[in-house]
file final_22.csv (CSV, C-alpha atoms and all ligand atoms)
chain,number,residue,atom,x,y,z
M,1,MET,CA,-28.2,42.5,9.1
M,2,SER,CA,-28.0,43.5,12.8
M,3,THR,CA,-24.6,44.0,14.4
M,4,ILE,CA,-25.4,41.2,16.9
M,5,ILE,CA,-26.1,38.8,14.1
M,6,GLU,CA,-22.9,39.8,12.4
M,7,ARG,CA,-20.9,39.2,15.5
M,8,LEU,CA,-22.6,35.9,16.2
M,9,LEU,CA,-21.8,34.8,12.7
M,10,ILE,CA,-18.1,35.5,13.3
M,11,ILE,CA,-18.3,33.5,16.6
M,12,GLN,CA,-20.1,30.7,14.8
M,13,ASP,CA,-17.3,30.7,12.2
M,14,ARG,CA,-14.7,30.3,15.1
M,15,ASP,CA,-16.8,27.6,16.8
M,16,ARG,CA,-17.1,25.6,13.6
M,17,LYS,CA,-13.4,25.7,13.0
M,18,ILE,CA,-12.8,24.7,16.7
M,19,ALA,CA,-15.2,21.8,16.3
M,20,GLN,CA,-13.6,20.7,13.0
M,21,LEU,CA,-10.1,20.7,14.6
M,22,MET,CA,-11.4,18.8,17.7
M,23,ARG,CA,-12.7,16.1,15.4
M,24,GLU,CA,-9.3,15.9,13.7
M,25,THR,CA,-7.6,15.4,17.1
M,26,GLU,CA,-10.0,12.6,17.8
M,27,ASP,CA,-9.0,10.9,14.6
M,28,LEU,CA,-5.3,11.0,15.5
M,29,PRO,CA,-5.2,8.1,18.0
M,30,ALA,CA,-6.6,5.8,15.3
M,31,HIS,CA,-3.7,6.8,13.0
M,32,THR,CA,-1.2,6.1,15.8
M,33,HIS,CA,-2.8,2.8,16.4
M,34,GLU,CA,-2.5,1.9,12.7
M,35,ILE,CA,1.2,2.7,12.7
M,36,GLU,CA,1.7,0.5,15.8
M,37,SER,CA,-0.2,-2.4,14.4
M,38,ARG,CA,1.8,-2.2,11.1
M,39,LEU,CA,5.0,-2.3,13.2
M,40,ASN,CA,3.7,-5.2,15.4
M,41,ALA,CA,2.9,-7.3,12.3
M,42,HIS,CA,6.6,-7.0,11.3
M,43,ARG,CA,7.8,-7.8,14.8
M,44,GLU,CA,5.6,-10.8,14.9
M,45,SER,CA,6.7,-12.2,11.6
M,46,MET,CA,10.3,-11.7,12.9
M,47,LYS,CA,9.5,-13.6,16.0
M,48,ALA,CA,7.9,-16.4,14.0
M,49,SER,CA,11.2,-16.7,12.0
M,50,HIS,CA,13.3,-16.9,15.1
M,51,ASP,CA,10.9,-19.6,16.4
M,52,GLU,CA,11.5,-21.5,13.2
M,53,VAL,CA,15.2,-21.3,13.6
M,54,LYS,CA,15.0,-22.7,17.1
M,55,LYS,CA,12.8,-25.6,15.9
M,56,ASN,CA,15.2,-26.3,13.1
M,57,ALA,CA,18.2,-26.3,15.5
M,58,ALA,CA,16.4,-28.7,17.8
M,59,ALA,CA,15.6,-31.0,14.9
M,60,ILE,CA,19.2,-31.1,13.8
M,61,LYS,CA,20.3,-31.9,17.3
M,62,GLN,CA,17.8,-34.7,17.6
M,63,VAL,CA,19.0,-36.3,14.3
M,64,GLU,CA,22.6,-36.1,15.5
M,65,VAL,CA,21.6,-37.9,18.8
M,66,GLU,CA,19.9,-40.6,16.7
M,67,ILE,CA,23.0,-41.0,14.5
M,68,ASP,CA,25.2,-41.4,17.6
M,69,THR,CA,22.8,-44.0,19.0
M,70,CYS,CA,23.1,-45.9,15.7
M,71,LYS,CA,26.9,-45.7,15.7
M,72,GLN,CA,27.0,-47.1,19.3
M,73,LYS,CA,24.7,-49.9,18.2
M,74,ILE,CA,27.1,-50.8,15.4
M,75,ALA,CA,30.1,-50.7,17.8
M,76,LYS,CA,28.3,-53.1,20.1
M,77,PHE,CA,27.6,-55.5,17.2
M,78,ARG,CA,31.2,-55.3,16.2
M,79,GLU,CA,32.3,-56.2,19.7
M,80,GLN,CA,29.9,-59.2,19.7
M,81,GLN,CA,31.3,-60.3,16.3
M,82,PHE,CA,34.7,-60.6,18.0
M,83,GLN,CA,33.4,-63.1,20.5
M,84,ILE,CA,31.4,-65.2,18.0
M,85,LYS,CA,32.9,-68.3,16.5
M,86,ASN,CA,29.9,-69.4,14.6
M,87,ASN,CA,29.7,-68.1,10.9
M,88,ASP,CA,25.9,-68.0,10.7
M,89,GLU,CA,25.7,-65.8,13.9
M,90,TYR,CA,28.5,-63.6,12.5
M,91,ARG,CA,26.6,-63.1,9.2
M,92,ALA,CA,23.4,-62.4,11.1
M,93,LEU,CA,25.1,-59.6,13.0
M,94,GLU,CA,26.6,-58.3,9.8
M,95,ARG,CA,23.0,-58.1,8.4
M,96,GLU,CA,22.0,-56.2,11.5
M,97,ILE,CA,24.9,-53.8,11.1
M,98,GLY,CA,23.8,-53.3,7.4
M,99,VAL,CA,20.3,-52.3,8.6
M,100,VAL,CA,21.6,-49.8,11.1
M,101,GLN,CA,24.1,-48.3,8.5
M,102,LYS,CA,21.1,-47.8,6.2
M,103,GLU,CA,19.3,-46.1,9.0
M,104,ILE,CA,22.3,-43.8,9.5
M,105,ARG,CA,22.3,-42.8,5.8
M,106,GLY,CA,18.7,-41.9,6.0
M,107,LEU,CA,19.3,-39.8,9.1
M,108,GLU,CA,22.3,-38.1,7.4
M,109,ASP,CA,20.0,-37.2,4.4
M,110,GLN,CA,17.6,-35.7,6.9
M,111,GLU,CA,20.3,-33.7,8.6
M,112,LEU,CA,21.4,-32.3,5.2
M,113,SER,CA,18.0,-31.1,4.3
M,114,LEU,CA,17.5,-29.6,7.8
M,115,MET,CA,20.8,-27.7,7.3
M,116,GLU,CA,19.6,-26.4,3.9
M,117,GLN,CA,16.5,-25.2,5.7
M,118,ALA,CA,18.7,-23.5,8.3
M,119,GLU,CA,20.5,-21.6,5.5
M,120,ASN,CA,17.2,-20.5,4.0
M,121,LEU,CA,15.9,-19.4,7.4
M,122,ARG,CA,19.1,-17.3,7.9
M,123,LYS,CA,18.4,-15.5,4.6
M,124,MET,CA,14.8,-15.0,5.5
M,125,ILE,CA,15.7,-13.5,8.8
M,126,ALA,CA,18.2,-11.1,7.2
M,127,ASP,CA,15.4,-10.0,4.8
M,128,ARG,CA,12.9,-9.5,7.6
M,129,GLU,CA,15.4,-7.6,9.7
M,130,LYS,CA,15.9,-5.2,6.8
M,131,ASP,CA,12.1,-4.9,6.5
M,132,LEU,CA,11.7,-4.3,10.2
M,133,LYS,CA,14.3,-1.5,10.2
M,134,LEU,CA,12.6,0.2,7.3
M,135,GLU,CA,9.2,-0.1,8.9
M,136,GLU,CA,10.6,1.3,12.2
M,137,GLY,CA,12.1,4.3,10.4
M,138,ARG,CA,8.8,4.8,8.6
M,139,ALA,CA,6.8,4.5,11.8
M,140,ASN,CA,9.1,7.1,13.6
M,141,GLN,CA,8.6,9.5,10.8
M,142,ASP,CA,4.8,9.0,10.7
M,143,GLU,CA,4.6,9.4,14.5
M,144,ASP,CA,6.6,12.6,14.3
M,145,VAL,CA,4.2,14.0,11.6
M,146,LEU,CA,1.2,13.1,13.8
M,147,LYS,CA,2.8,14.7,16.9
M,148,LYS,CA,3.5,17.9,15.0
M,149,ARG,CA,0.0,17.9,13.5
M,150,LEU,CA,-1.4,17.5,17.0
M,151,SER,CA,0.6,20.3,18.5
M,152,ASN,CA,-0.3,22.6,15.5
M,153,ILE,CA,-4.0,21.8,16.0
M,154,GLN,CA,-3.8,22.5,19.7
M,155,ALA,CA,-2.1,25.8,19.0
M,156,GLU,CA,-4.8,26.7,16.4
M,157,ILE,CA,-7.6,25.7,18.8
M,158,HIS,CA,-6.0,27.8,21.5
M,159,ASP,CA,-5.8,30.9,19.3
M,160,LEU,CA,-9.3,30.4,18.0
M,161,GLN,CA,-10.6,30.1,21.6
M,162,VAL,CA,-8.8,33.3,22.7
M,163,ASP,CA,-10.3,35.1,19.7
M,164,ARG,CA,-13.7,33.7,20.4
M,165,THR,CA,-13.6,34.7,24.1
M,166,ALA,CA,-12.8,38.3,23.1
M,167,LEU,CA,-15.6,38.3,20.5
M,168,ALA,CA,-18.1,36.8,23.0
M,169,SER,CA,-17.4,39.4,25.7
M,170,ASP,CA,-19.1,42.0,23.4
M,171,ILE,CA,-22.4,40.0,22.9
M,172,ASP,CA,-25.6,40.3,24.8
M,173,PRO,CA,-25.4,37.3,27.2
M,174,ALA,CA,-29.1,36.2,26.5
M,175,TRP,CA,-28.3,36.0,22.7
M,176,LEU,CA,-25.0,34.3,23.4
M,177,SER,CA,-26.4,31.6,25.7
M,178,ARG,CA,-29.3,30.9,23.3
M,179,TYR,CA,-26.8,30.7,20.4
M,180,GLU,CA,-24.5,28.3,22.4
M,181,ARG,CA,-27.4,26.0,23.3
M,182,ILE,CA,-28.6,25.7,19.7
M,183,PHE,CA,-25.0,25.2,18.4
M,184,LYS,CA,-24.4,22.5,20.9
M,185,ARG,CA,-27.6,20.7,20.1
M,186,THR,CA,-27.5,20.9,16.3
M,187,GLY,CA,-23.7,20.3,16.0
M,188,ASP,CA,-23.6,22.3,12.8
M,189,TYR,CA,-25.1,25.8,12.7
M,190,ALA,CA,-27.0,27.9,15.2
M,191,LEU,CA,-27.5,30.8,12.9
M,192,VAL,CA,-28.9,30.1,9.4
M,193,ARG,CA,-29.9,32.2,6.5
M,194,VAL,CA,-33.5,32.5,5.3
M,195,GLU,CA,-33.3,30.8,2.0
M,196,LYS,CA,-35.5,31.2,-1.0
M,197,ALA,CA,-37.2,28.2,-2.5
M,198,ALA,CA,-36.2,27.4,-6.1
M,199,SER,CA,-39.6,28.5,-7.3
M,200,GLY,CA,-39.2,31.8,-5.5
M,201,ASP,CA,-42.7,31.8,-4.0
M,202,TYR,CA,-41.8,31.0,-0.4
M,203,ALA,CA,-38.9,31.2,2.0
M,204,ALA,CA,-37.4,28.3,4.0
M,205,CYS,CA,-35.1,27.8,7.0
M,206,GLY,CA,-31.5,27.4,5.9
M,207,GLY,CA,-31.0,24.7,8.6
M,208,CYS,CA,-33.9,22.3,8.4
M,209,HIS,CA,-35.2,23.7,5.0
M,210,MET,CA,-38.8,23.8,6.2
M,211,LYS,CA,-41.2,26.4,4.7
M,212,LEU,CA,-41.3,29.4,7.0
M,213,PRO,CA,-44.4,31.3,7.9
M,214,PRO,CA,-44.4,34.8,6.3
M,215,HIS,CA,-44.3,36.6,9.7
M,216,LEU,CA,-41.0,34.9,10.6
M,217,VAL,CA,-39.5,35.9,7.3
M,218,HIS,CA,-40.7,39.5,7.9
M,219,GLU,CA,-39.1,39.5,11.4
M,220,ALA,CA,-35.9,38.1,10.2
M,221,LYS,CA,-35.7,40.8,7.5
M,222,LYS,CA,-36.2,43.5,10.1
M,223,GLY,CA,-33.5,41.9,12.3
M,224,LEU,CA,-34.6,43.7,15.5
M,225,ALA,CA,-35.5,40.7,17.7
M,226,MET,CA,-34.2,37.2,17.8
M,227,THR,CA,-36.1,35.2,15.2
M,228,GLN,CA,-36.0,31.4,15.5
M,229,CYS,CA,-37.2,28.8,13.1
M,230,SER,CA,-40.4,27.3,14.5
M,231,PHE,CA,-39.3,23.8,13.4
M,232,CYS,CA,-35.6,23.5,14.5
M,233,SER,CA,-35.2,26.6,16.6
M,234,ARG,CA,-32.1,27.8,14.7
M,235,ILE,CA,-31.7,31.6,14.7
M,236,LEU,CA,-32.7,33.0,11.4
M,237,TYR,CA,-31.1,36.0,9.6
M,238,TRP,CA,-31.8,37.7,6.4
M,239,GLN,CA,-29.1,38.3,3.8
M,240,PRO,CA,-30.4,39.7,0.5
M,301,ZN,ZN,-35.3,25.2,10.8

call {"tool": "encode", "arguments": {"input": "final_22.csv", "output": "structure tokens", "more": "lines below"}}
Ligand SMILES: [Zn+2]
result
Amino acid sequence: MSTIIERLLIIQDRDRKIAQLMRETEDLPAHTHEIESRLNAHRESMKASHDEVKKNAAAIKQVEVEIDTCKQKIAKFREQQFQIKNNDEYRALEREIGVVQKEIRGLEDQELSLMEQAENLRKMIADREKDLKLEEGRANQDEDVLKKRLSNIQAEIHDLQVDRTALASDIDPAWLSRYERIFKRTGDYALVRVEKAASGDYAACGGCHMKLPPHLVHEAKKGLAMTQCSFCSRILYWQP
């Protein structure tokens, strides 16, 4: 194998590592988003509970107002009873009072069940507050891990790039720019081994796996000039 191929293989190794790390940094925002949406789900269910509490308090107030109105009605009937001499009319008002009293009992039952509901809501909110606290703690930890991971990756990428620049300064610019174009286009390898078919009777490109014409295999074996696959243009090298 020629020295230039050996050096390009090292550069390719650095480039592949850099590309892999770049892909990892691109995945990180999705993880952050996942943490945030988990936290938001908890916050929303907390808000929903508080809304329930408000609705419940308003319902209790409404029932209390209705009970008051009923009591005022009864007081008015009682006043009327004082002014009435006629027994039938007196009894008629007594019946009216009975109806309103029944209404009050119904309203008081409603109030009681609303108060029970309020108690349950208080318990639920306490539970959800606990869950939210836990989730916030977990989210902070996860975000710290992601931040650390990101800064580690950035440092790794930086070191690899410094190393790569030093390695590249030693390479024939014509080879280097050809290599870079192919690497960018294929996204995987610019340099590939000549590989033997399973049957052993022909050689193929290690990148696109097409059968190579014998003269290309011969050239790659000699390693004097740049040999490119006639199908995918990847640079071929021979490694026995
Ligand atoms: Zn090929």

call {"tool": "residues_near_ligand", "arguments": {"input": "final_22.csv", "ligand": "ligand ZN 301 (chain M)", "cutoff": "9 Å", "atoms": "all atoms listed in the file", "output": "number ranges by chain"}}
result
M: 192, 204-212, 228-236

call {"tool": "closest_residue", "arguments": {"input": "final_22.csv", "among": "M:Leu28, M:Val100, M:Ala220, M:Met46", "to": "Arg128 of chain M", "atoms": "only C-alpha atoms"}}
result
M:Met46

call {"tool": "atom_distance", "arguments": {"input": "final_22.csv", "atom1": "atom CA of His218 of chain M", "atom2": "atom CA of Leu167 of chain M"}}
result
28.1 Å

call {"tool": "residues_around", "arguments": {"input": "final_22.csv", "residues": "segment 112-114 of chain M", "least_positions_apart": "2", "cutoff": "8 Å", "atoms": "all atoms listed in the file", "output": "ChimeraX atom specification"}}
result
/M:56,59-60,108-110,116-118

call {"tool": "atom_distance", "arguments": {"input": "final_22.csv", "atom1": "atom CA of Lys222 of chain M", "atom2": "atom CA of Arg181 of chain M"}}
result
23.6 Å

call {"tool": "closest_residue", "arguments": {"input": "final_22.csv", "among": "M:Arg193, M:His215, M:Lys123, M:His42", "to": "Tyr237 of chain M", "atoms": "all atoms listed in the file"}}
result
M:Arg193

call {"tool": "closest_residue", "arguments": {"input": "final_22.csv", "among": "M:Glu180, M:Glu36, M:Asp159, M:Glu6", "to": "Glu135 of chain M", "atoms": "only C-alpha atoms"}}
result
M:Glu36

call {"tool": "closest_residue", "arguments": {"input": "final_22.csv", "among": "M:Leu8, M:Leu224, M:Val53, M:Met22", "to": "Ile125 of chain M", "atoms": "all atoms listed in the file"}}
result
M:Val53

call {"tool": "atom_distance", "arguments": {"input": "final_22.csv", "atom1": "atom CA of Lys85 of chain M", "atom2": "atom CA of Thr69 of chain M"}}
result
26.4 Å

call {"tool": "residues_around", "arguments": {"input": "final_22.csv", "residues": "Ala155 of chain M", "least_positions_apart": "5", "cutoff": "12 Å", "atoms": "all atoms listed in the file", "output": "list in words"}}
result
Ile18, Leu21, Met22, Thr25, Lys148, Arg149, Leu150, Leu160, Gln161 and Val162 of chain M

call {"tool": "build_atoms", "arguments": {"input": "final_22.csv", "residues": "segment 129-142 of chain M", "atoms": "N, CA and C atoms", "output": "CSV table (one decimal), in the frame of the given file"}}
result
chain,number,residue,atom,x,y,z
M,129,GLU,N,14.7,-8.6,8.9
M,129,GLU,CA,15.4,-7.6,9.7
M,129,GLU,C,15.4,-6.3,9.0
M,130,LYS,N,15.8,-6.4,7.7
M,130,LYS,CA,15.9,-5.2,6.8
M,130,LYS,C,14.5,-4.5,6.8
M,131,ASP,N,13.4,-5.4,6.5
M,131,ASP,CA,12.1,-4.9,6.5
M,131,ASP,C,11.7,-4.2,7.7
M,132,LEU,N,12.0,-4.8,8.9
M,132,LEU,CA,11.7,-4.3,10.2
M,132,LEU,C,12.3,-2.9,10.4
M,133,LYS,N,13.6,-2.8,10.0
M,133,LYS,CA,14.3,-1.5,10.2
M,133,LYS,C,13.6,-0.5,9.4
M,134,LEU,N,13.3,-0.8,8.1
M,134,LEU,CA,12.6,0.2,7.3
M,134,LEU,C,11.3,0.6,7.9
M,135,GLU,N,10.6,-0.4,8.4
M,135,GLU,CA,9.2,-0.1,8.9
M,135,GLU,C,9.4,0.8,10.2
M,136,GLU,N,10.4,0.5,11.0
M,136,GLU,CA,10.6,1.3,12.2
M,136,GLU,C,10.9,2.7,11.9
M,137,GLY,N,11.8,2.9,10.8
M,137,GLY,CA,12.1,4.3,10.4
M,137,GLY,C,10.8,5.0,9.9
M,138,ARG,N,10.0,4.2,9.1
M,138,ARG,CA,8.8,4.8,8.6
M,138,ARG,C,7.8,5.2,9.7
M,139,ALA,N,7.7,4.3,10.7
M,139,ALA,CA,6.8,4.5,11.8
M,139,ALA,C,7.2,5.7,12.6
M,140,ASN,N,8.6,5.9,12.9
M,140,ASN,CA,9.1,7.1,13.6
M,140,ASN,C,8.7,8.3,12.9
M,141,GLN,N,8.9,8.3,11.5
M,141,GLN,CA,8.6,9.5,10.8
M,141,GLN,C,7.1,9.9,10.8
M,142,ASP,N,6.3,8.8,10.7
M,142,ASP,CA,4.8,9.0,10.7
M,142,ASP,C,4.4,9.5,12.1
